[in-house]
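What's in data_2.cif: mmCIF, C-alpha atoms and all ligand atoms
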```cif
data_query
loop_
_atom_site.label_atom_id
_atom_site.label_comp_id
_atom_site.auth_asym_id
_atom_site.auth_seq_id
_atom_site.Cartn_x
_atom_site.Cartn_y
_atom_site.Cartn_z
CA MET N 1 41.41 -130.56 40.02
CA PRO N 2 44.61 -130.71 37.91
CA TYR N 3 45.60 -127.41 36.29
CA LYS N 4 44.88 -128.59 32.73
CA GLY N 5 41.37 -129.56 33.73
CA ARG N 6 40.74 -126.27 35.44
CA GLN N 7 41.99 -124.40 32.37
CA ARG N 8 39.63 -126.33 30.15
CA VAL N 9 36.72 -125.51 32.44
CA PHE N 10 37.70 -121.84 32.44
CA TRP N 11 37.83 -121.68 28.67
CA ALA N 12 34.56 -123.54 28.31
CA VAL N 13 32.87 -121.12 30.71
CA ALA N 14 34.51 -118.18 28.97
CA VAL N 15 33.40 -119.24 25.49
CA VAL N 16 29.84 -119.77 26.73
CA ALA N 17 29.98 -116.30 28.26
CA VAL N 18 31.14 -114.80 24.97
CA ALA N 19 28.52 -116.68 23.00
CA THR N 20 25.71 -115.56 25.28
CA ALA N 21 26.89 -111.97 25.67
CA GLY N 22 27.82 -111.63 22.01
CA LEU N 23 31.03 -110.03 20.86
CA LEU N 24 31.27 -106.30 20.62
CA SER N 25 29.85 -105.45 17.29
CA PRO N 26 32.17 -104.95 14.30
CA SER N 27 30.96 -101.36 14.16
CA ASP N 28 33.29 -100.80 17.11
CA ALA N 29 36.21 -101.72 14.89
CA HIS N 30 38.32 -98.91 13.56
CA ALA N 31 38.76 -98.66 9.83
CA ASP N 32 41.70 -100.63 8.53
CA HIS N 33 42.89 -97.58 6.58
CA SER N 34 42.32 -99.28 3.25
CA PRO N 35 40.80 -96.90 0.73
CA PRO N 36 38.66 -98.50 -1.98
CA VAL N 37 39.93 -99.16 -5.49
CA ARG N 38 39.52 -95.99 -7.54
CA ALA N 39 36.71 -96.31 -10.05
CA SER N 40 38.96 -95.70 -13.04
CA GLN N 41 41.63 -98.28 -12.12
CA PRO N 42 42.09 -100.46 -15.20
CA ARG N 43 42.67 -103.82 -13.50
CA THR N 44 42.49 -105.63 -10.17
CA ASP N 45 45.15 -104.81 -7.58
CA GLN N 46 46.75 -108.25 -7.67
CA PHE N 47 47.02 -110.92 -10.33
CA GLU N 48 43.93 -113.09 -10.38
CA VAL N 49 43.03 -116.17 -12.37
CA ALA N 50 39.40 -117.07 -13.04
CA GLY N 51 38.39 -120.13 -11.07
CA PHE N 52 41.44 -119.91 -8.81
CA GLY N 53 41.43 -116.40 -7.42
CA ASN N 54 44.24 -114.22 -6.17
CA LEU N 55 47.71 -115.53 -7.05
CA ASP N 56 49.30 -113.83 -4.05
CA ARG N 57 48.83 -116.95 -1.93
CA LEU N 58 51.36 -118.70 -4.22
CA ASN N 59 54.00 -115.99 -3.76
CA PRO N 60 56.60 -117.01 -1.15
CA ALA N 61 58.13 -113.52 -1.09
CA SER N 62 54.92 -111.82 0.05
CA LYS N 63 54.56 -114.44 2.79
CA THR N 64 58.08 -113.71 4.08
CA LEU N 65 57.35 -109.99 3.97
CA ARG N 66 54.22 -110.33 6.10
CA GLU N 67 56.10 -112.48 8.60
CA LEU N 68 59.42 -110.62 8.76
CA ALA N 69 59.26 -107.44 6.62
CA ILE N 70 62.34 -108.77 4.78
CA PHE N 71 63.03 -109.20 1.07
CA PRO N 72 66.31 -111.14 0.63
CA TRP N 73 68.02 -110.37 -2.69
CA ARG N 74 71.18 -110.57 -4.75
CA TYR N 75 72.12 -108.72 -7.94
CA VAL N 76 73.69 -110.82 -10.68
CA VAL N 77 74.98 -109.56 -14.02
CA GLU N 78 74.57 -112.12 -16.75
CA PRO N 79 77.92 -113.05 -18.40
CA GLY N 80 78.60 -110.72 -21.32
CA CYS N 81 76.43 -107.93 -19.86
CA GLU N 82 79.03 -106.49 -17.47
CA GLY N 83 79.96 -102.81 -17.71
CA PRO N 84 78.75 -99.29 -16.95
CA ALA N 85 75.14 -100.01 -18.01
CA ALA N 86 74.84 -102.95 -15.61
CA ASP N 87 76.43 -100.80 -12.90
CA GLU N 88 73.95 -97.96 -13.46
CA VAL N 89 71.02 -100.39 -13.37
CA PHE N 90 72.33 -101.56 -9.98
CA GLU N 91 72.43 -97.94 -8.77
CA THR N 92 68.82 -97.35 -9.77
CA LEU N 93 67.84 -100.64 -8.11
CA GLN N 94 69.24 -99.30 -4.86
CA ALA N 95 67.26 -96.08 -5.31
CA ALA N 96 64.10 -98.19 -5.68
CA PHE N 97 65.01 -100.10 -2.51
CA THR N 98 65.41 -96.80 -0.66
CA GLU N 99 62.01 -95.60 -1.86
CA LEU N 100 60.27 -98.79 -0.71
CA SER N 101 62.17 -98.84 2.59
CA GLU N 102 61.16 -95.28 3.39
CA LYS N 103 57.55 -95.45 2.24
CA VAL N 104 56.46 -98.97 3.24
CA ASN N 105 59.04 -100.16 5.75
CA ILE N 106 60.62 -103.10 3.89
CA TYR N 107 64.09 -104.35 4.81
CA PHE N 108 66.00 -105.30 1.66
CA ILE N 109 68.65 -107.70 2.95
CA TYR N 110 71.53 -108.75 0.72
CA ASP N 111 71.63 -112.55 0.71
CA PRO N 112 73.65 -114.75 -1.69
CA GLY N 113 70.71 -117.20 -1.53
CA GLY N 114 68.05 -114.50 -1.96
CA TRP N 115 65.83 -113.68 -4.92
CA THR N 116 67.94 -112.99 -8.00
CA LEU N 117 67.66 -109.54 -9.55
CA ARG N 118 69.46 -109.94 -12.84
CA GLY N 119 71.05 -107.41 -15.15
CA ASN N 120 70.60 -109.16 -18.46
CA CYS N 121 71.05 -108.32 -22.15
CA GLY N 122 70.95 -109.48 -25.74
CA ALA N 123 70.07 -113.05 -26.61
CA ALA N 124 70.14 -114.19 -22.96
CA PHE N 125 67.46 -111.61 -22.11
CA ALA N 126 65.37 -112.51 -25.17
CA ALA N 127 65.59 -116.19 -24.16
CA VAL N 128 63.69 -115.52 -20.94
CA ALA N 129 61.66 -112.42 -21.82
CA GLY N 130 60.85 -113.01 -25.48
CA THR N 131 61.36 -110.42 -28.17
CA GLY N 132 58.39 -108.17 -27.36
CA PRO N 133 58.70 -104.57 -26.08
CA VAL N 134 59.70 -105.75 -22.60
CA ILE N 135 62.40 -104.06 -20.51
CA GLY N 136 61.99 -106.24 -17.45
CA CYS N 137 60.05 -109.29 -16.37
CA LEU N 138 59.42 -111.93 -13.76
CA CYS N 139 59.76 -114.69 -16.27
CA ARG N 140 61.17 -117.58 -14.29
CA ASN N 141 58.04 -119.29 -12.98
CA PHE N 142 56.27 -116.36 -11.29
CA PRO N 143 54.59 -116.30 -8.77
CA TYR N 144 56.44 -119.29 -7.27
CA ASN N 145 59.75 -117.67 -8.21
CA VAL N 146 59.94 -113.86 -8.09
CA ASP N 147 63.39 -113.45 -9.67
CA ILE N 148 63.52 -110.36 -11.89
CA ASP N 149 65.36 -109.90 -15.19
CA ILE N 150 66.06 -106.35 -16.36
CA ASN N 151 67.47 -105.54 -19.78
CA ILE N 152 70.47 -103.30 -19.08
CA ILE N 153 69.65 -101.19 -22.14
CA MET N 154 67.41 -99.54 -19.54
CA ALA N 155 70.52 -97.52 -18.60
CA ASP N 156 69.75 -95.35 -21.67
CA TYR N 157 66.57 -94.12 -19.95
CA PHE N 158 66.26 -91.22 -17.50
CA ARG N 159 67.11 -92.31 -13.98
CA ILE N 160 63.59 -91.68 -12.70
CA SER N 161 62.30 -94.00 -15.43
CA GLN N 162 64.74 -96.71 -14.37
CA ILE N 163 63.73 -96.37 -10.72
CA ALA N 164 60.03 -96.51 -11.64
CA ILE N 165 60.61 -99.63 -13.77
CA TRP N 166 62.39 -101.29 -10.85
CA LEU N 167 59.47 -100.30 -8.58
CA HIS N 168 57.06 -101.81 -11.11
CA GLU N 169 58.92 -105.14 -11.26
CA LEU N 170 59.61 -105.20 -7.52
CA LEU N 171 55.93 -104.66 -6.70
CA HIS N 172 55.05 -107.67 -8.88
CA ALA N 173 57.58 -109.60 -6.77
CA LEU N 174 56.78 -108.20 -3.34
CA MET N 175 52.98 -108.33 -3.38
CA THR N 176 51.90 -109.96 -6.65
CA TRP N 177 50.64 -106.61 -7.99
CA ASN N 178 48.88 -106.71 -11.32
CA GLU N 179 49.69 -104.68 -14.43
CA GLN N 180 47.70 -101.48 -14.89
CA TYR N 181 48.47 -100.99 -18.58
CA GLY N 182 46.29 -101.93 -21.51
CA LEU N 183 46.58 -104.54 -24.21
CA ASP N 184 49.89 -104.87 -26.08
CA PHE N 185 51.72 -102.96 -23.32
CA ARG N 186 50.04 -99.72 -24.37
CA ALA N 187 49.69 -97.28 -21.50
CA SER N 188 46.28 -96.82 -19.91
CA PRO N 189 45.59 -93.15 -20.73
CA GLY N 190 45.36 -90.77 -17.79
CA TRP N 191 46.21 -93.45 -15.23
CA ARG N 192 49.18 -92.32 -13.11
CA ASP N 193 50.60 -95.45 -11.53
CA VAL N 194 54.01 -97.19 -11.58
CA MET N 195 52.13 -100.33 -12.64
CA ASN N 196 51.08 -98.54 -15.86
CA THR N 197 53.54 -98.05 -18.72
CA GLY N 198 54.70 -94.89 -20.49
CA SER N 199 54.96 -91.40 -19.09
CA GLU N 200 52.15 -91.96 -16.56
CA SER N 201 54.25 -94.61 -14.82
CA ARG N 202 57.52 -92.78 -14.33
CA HIS N 203 57.51 -91.54 -10.76
CA LEU N 204 58.15 -92.60 -7.19
CA LEU N 205 55.42 -94.05 -4.96
CA GLU N 206 52.42 -91.74 -4.68
CA ALA N 207 48.89 -91.92 -3.32
CA VAL N 208 47.57 -94.51 -5.75
CA GLU N 209 50.34 -96.98 -4.95
CA LEU N 210 50.21 -96.36 -1.19
CA GLU N 211 46.44 -96.90 -1.19
CA ARG N 212 46.97 -100.19 -3.00
CA TRP N 213 49.66 -101.13 -0.49
CA ALA N 214 47.17 -100.70 2.37
CA ARG N 215 44.56 -102.77 0.51
CA THR N 216 46.89 -105.61 -0.37
CA VAL N 217 49.11 -105.74 2.73
CA TYR N 218 47.18 -104.68 5.82
CA PRO N 219 44.98 -107.28 7.57
CA HIS N 220 41.34 -106.57 8.22
CA PRO N 221 40.51 -105.76 11.86
CA VAL N 222 39.00 -108.74 13.68
CA ALA N 223 35.24 -108.91 13.20
CA GLY N 224 34.62 -108.62 16.93
CA ALA N 225 36.30 -109.10 20.31
CA ALA N 226 35.36 -109.67 23.94
CA LEU N 227 37.08 -109.61 27.32
CA VAL N 228 35.96 -112.36 29.68
CA VAL N 229 36.78 -112.26 33.40
CA ASP N 230 35.88 -115.32 35.41
CA GLN N 231 37.19 -117.10 38.52
CA GLY N 232 39.98 -114.54 38.95
CA ARG N 233 41.30 -114.98 35.42
CA ALA N 234 40.93 -113.04 32.20
CA ALA N 235 41.05 -113.78 28.50
CA VAL N 236 40.30 -111.95 25.29
CA PHE N 237 38.44 -113.71 22.51
CA TYR N 238 38.21 -112.58 18.92
CA ALA N 239 36.55 -113.34 15.62
CA ALA N 240 38.04 -113.63 12.15
CA THR N 241 40.52 -111.37 10.41
CA ASN N 242 41.81 -112.21 6.91
CA ASP N 243 44.79 -114.26 5.79
CA ARG N 244 47.11 -111.23 5.72
CA ALA N 245 47.35 -111.24 9.51
CA THR N 246 50.29 -113.13 11.00
CA ARG N 247 49.54 -112.34 14.65
CA ILE N 248 46.96 -110.86 16.98
CA ALA N 249 48.54 -108.31 19.32
CA VAL N 250 46.91 -107.52 22.67
CA ILE N 251 47.06 -103.79 23.39
CA ILE N 252 46.29 -102.47 26.88
CA GLU N 253 45.74 -99.16 28.59
CA THR N 254 45.61 -98.94 32.36
CA ALA N 255 44.20 -95.68 33.73
CA GLY N 256 47.02 -93.19 34.19
CA PHE N 257 49.44 -95.05 31.87
CA PRO N 258 50.05 -94.89 28.12
CA ARG N 259 48.51 -97.40 25.73
CA VAL N 260 51.04 -100.20 25.10
CA TRP N 261 51.40 -103.67 23.61
CA ALA N 262 50.85 -106.13 26.48
CA GLY N 263 53.68 -108.40 25.33
CA ILE N 264 51.08 -110.94 24.18
CA TYR N 265 50.36 -112.33 20.74
CA GLY N 266 47.51 -114.64 19.80
CA GLN N 267 47.13 -116.75 16.68
CA PRO N 268 45.06 -115.11 13.95
CA CYS N 269 42.15 -117.08 12.55
CA THR N 270 39.87 -116.70 9.57
CA SER N 271 37.02 -119.12 10.17
CA PRO N 272 33.58 -117.50 10.45
CA GLY N 273 31.65 -117.52 13.70
CA VAL N 274 31.39 -115.59 16.92
CA VAL N 275 34.82 -116.69 18.17
CA CYS N 276 37.73 -118.31 16.39
CA GLY N 277 40.60 -117.53 18.76
CA GLY N 278 41.51 -116.38 22.23
CA VAL N 279 44.43 -115.75 24.52
CA ASP N 280 44.90 -115.43 28.28
CA VAL N 281 45.66 -111.92 29.53
CA PRO N 282 46.70 -110.68 32.99
CA LEU N 283 43.80 -109.58 35.13
CA LEU N 284 44.67 -105.91 35.64
CA PRO N 285 42.31 -103.43 37.33
CA ASP N 286 40.99 -100.34 35.55
CA THR N 287 42.43 -101.53 32.22
CA CYS N 288 41.06 -101.66 28.68
CA PHE N 289 42.07 -104.44 26.28
CA TRP N 290 42.12 -104.21 22.47
CA VAL N 291 42.98 -106.84 19.90
CA LYS N 292 44.88 -105.81 16.81
CA ALA N 293 45.24 -107.98 13.72
CA GLU N 294 48.65 -107.21 12.24
CA ASN N 295 51.70 -108.35 10.34
CA SER N 296 55.29 -107.14 10.17
CA LEU N 297 54.48 -104.61 7.44
CA SER N 298 51.27 -103.27 8.95
CA PHE N 299 51.81 -102.95 12.67
CA ARG N 300 53.24 -99.44 12.65
CA PHE N 301 50.80 -98.05 10.12
CA ALA N 302 47.38 -99.73 10.34
CA ASP N 303 45.43 -98.89 13.51
CA ASN N 304 43.13 -101.94 13.41
CA LEU N 305 42.30 -101.76 17.12
CA VAL N 306 39.10 -103.50 18.23
CA LEU N 307 38.06 -103.00 21.84
CA ALA N 308 37.54 -106.27 23.72
CA GLY N 309 36.51 -104.68 27.00
CA CYS N 310 37.66 -102.99 30.19
CA THR N 311 38.01 -104.12 33.79
CA PRO N 312 36.60 -101.99 36.64
ZN ZN U 401 54.61 -105.61 -15.25
#
```
Represent the supplied structure as C-alpha cells.
Ligand SMILES: [Zn+2]
Amino acid sequence: MPYKGRQRVFWAVAVVAVATAGLLSPSDAHADHSPPVRASQPRTDQFEVAGFGNLDRLNPASKTLRELAIFPWRYVVEPGCEGPAADEVFETLQAAFTELSEKVNIYFIYDPGGWTLRGNCGAAFAAVAGTGPVIGCLCRNFPYNVDIDINIIMADYFRISQIAIWLHELLHALMTWNEQYGLDFRASPGWRDVMNTGSESRHLLEAVELERWARTVYPHPVAGAALVVDQGRAAVFYAATNDRATRIAVIIETAGFPRVWAGIYGQPCTSPGVVCGGVDVPLLPDTCFWVKAENSLSFRFADNLVLAGCTP
C-alpha cells in the first residue's frame, strides 16, 4: 500500500479509536490561570459592539502580538510640537514599554513602518481628538489602525501619570481593552485600574490589569485530548481551544527525564466536537504526552497542559 494510503488508514483507525474511547474529560485540564472579572468592574474587558461582539478580532496589532509577541512602533513629533515636552513624553513612553516588557513579555521593536505613536499639540491634536478633555486617543480608525496621538501638554503631569496614560492608550492598542471610566470621562469611583481616569488610574500594572491580561490574551486549554497508539505509530488528538491560540504544543515526559516540549506543534482548532485536530508524535516508551494551547504571549505563563495519555 502506498505511504499516503497507509497514513489515511492509520488516521481513520485512530479517529475511530478516539471517538469510541472518548477523549479524556475536560476536568483533567488545568486551569488556564484566568481569574474571573471582578464583580465591581465597570465595563467589559475589551471593546464590544452589540450585534457584532468583541472588536479585538479587527485589531491587527493584537494578532501580531499573539503570533510573534512583537509590537512594531515609531515615535513621531507633529511639526510645531518639537521641544522638551515632546522629548519628555518620549521618555515616559519608553518607561511604559519597559513596564509592559517586564510584566507581560512584549517586545517593542522600533520600526519606521510600525504603528505611529505621535506627540501632538494644539490645533493638529484637536483636529484628530476633538476639543473634549482628552489627553490621548486612538483616533485614526481604531481598531483597524492602532496609532496613538498624545497631547504633549501631558509633560506638565507627574511622570507616573504620564506613564499610566501611555499604558492606558497602549493597552487599547495592544489588546483592544475597553475604558473603565464612567460617562463624560469621569472616573469610576473606587476602581483602581489604568483603564480608569483620575487618581485611581495613575499607577503601573497591578493585579487588576494582570488578571485582565490573562483573560484577554491566554488561550483556553483544549477541551480534551487523547493519545492513540496503533500499528507501531502514535498520534495525539485534541478538541477545541479558543481563537487566541496560535499553536498546539506537544509536551512530553519520559520516565527519568524532565518534562520538555517535544519539538512538535499542531494547528489549533475551534470547531466543537470530540476531535478537531491531531498531530503525529514519536512512539516513545514510558512517556506521557500533553497538549498545550498557546501563543507567543502565553507560553511561558499559562500552564494549559491537558494530558493526552501515556505509553507503557
Ligand atoms: Zn481610553
- prompt: Got a sec to check which residues lie within 8 Å of ligand ZN 401 (chain U), using only C-alpha atoms and all ligand atoms, and send them as a list in words?
  reply: Gly136, Cys137, His168, Glu169, His172, Asn178, Glu179, Met195 and Asn196 of chain N
field: Residue among N:Val260, N:Ala239, N:Ile153, N:Leu100 lying closest to Leu297 of chain N, counting only C-alpha atoms
entry: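 Checking each candidate against Leu297 of chain N, we get N:Leu100 as the closest.
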message: Residues within 12 Å of Cys81 of chain N, please, as a list in words. Count all atoms listed in the file; anything in the same chain fewer than 3 positions from it doesn't count.
response: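 Once the nearby chain positions are removed, what remains is Val76, Val77, Glu78, Pro84, Ala85, Ala86, Asp87, Val89, Arg118, Gly119, Asn120, Cys121, Gly122, Ala123, Ala124, Phe125, Ile150, Asn151, Ile152 and Ile153 of chain N.
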Gap from atom CA of Arg66 of chain N to atom CA of Asp45 of chain N - Å, one decimal: 17.3 Å
message: Neighbouring residues of Tyr144 of chain N were defined as those with any atom within 8 Å, considering all atoms listed in the file; residues of the same chain fewer than 2 positions away were excluded. Please report them as a VMD selection string.
response: chain N and resid 58 to 60 141 to 142 146
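Straight-line separation from atom CA of Glu82 of chain N to atom CA of Asp147 of chain N: 18.8 Å.
For the choices N:Leu283, N:Ile264, N:Ala245, N:Cys139, the atom-to-atom distance to Pro221 of chain N is smallest for N:Ala245 when using only C-alpha atoms.
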message: Could you tell me how far atom CA of Lys292 of chain N sits from atom CA of Ala226 of chain N, in Å to one decimal place?
response: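 These atoms are spaced 12.5 Å apart.
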Please, what is the axis-aligned box for every listed atom of segment 227-234 of chain N with 4 Å on each side, as centre and edge lengths in Å to one decimal, as JSON?
```
{"center_x": 38.6, "center_y": -113.4, "center_z": 33.1, "size_x": 13.4, "size_y": 15.5, "size_z": 19.6}
```
- request: Write out as an NGL selection string each polymer residue whose atoms come within 9 Å of segment 109-113 of chain N, counting all atoms listed in the file; drop sequence neighbours fewer than 3 positions from it.
  value: :N and (70-75 or 116)
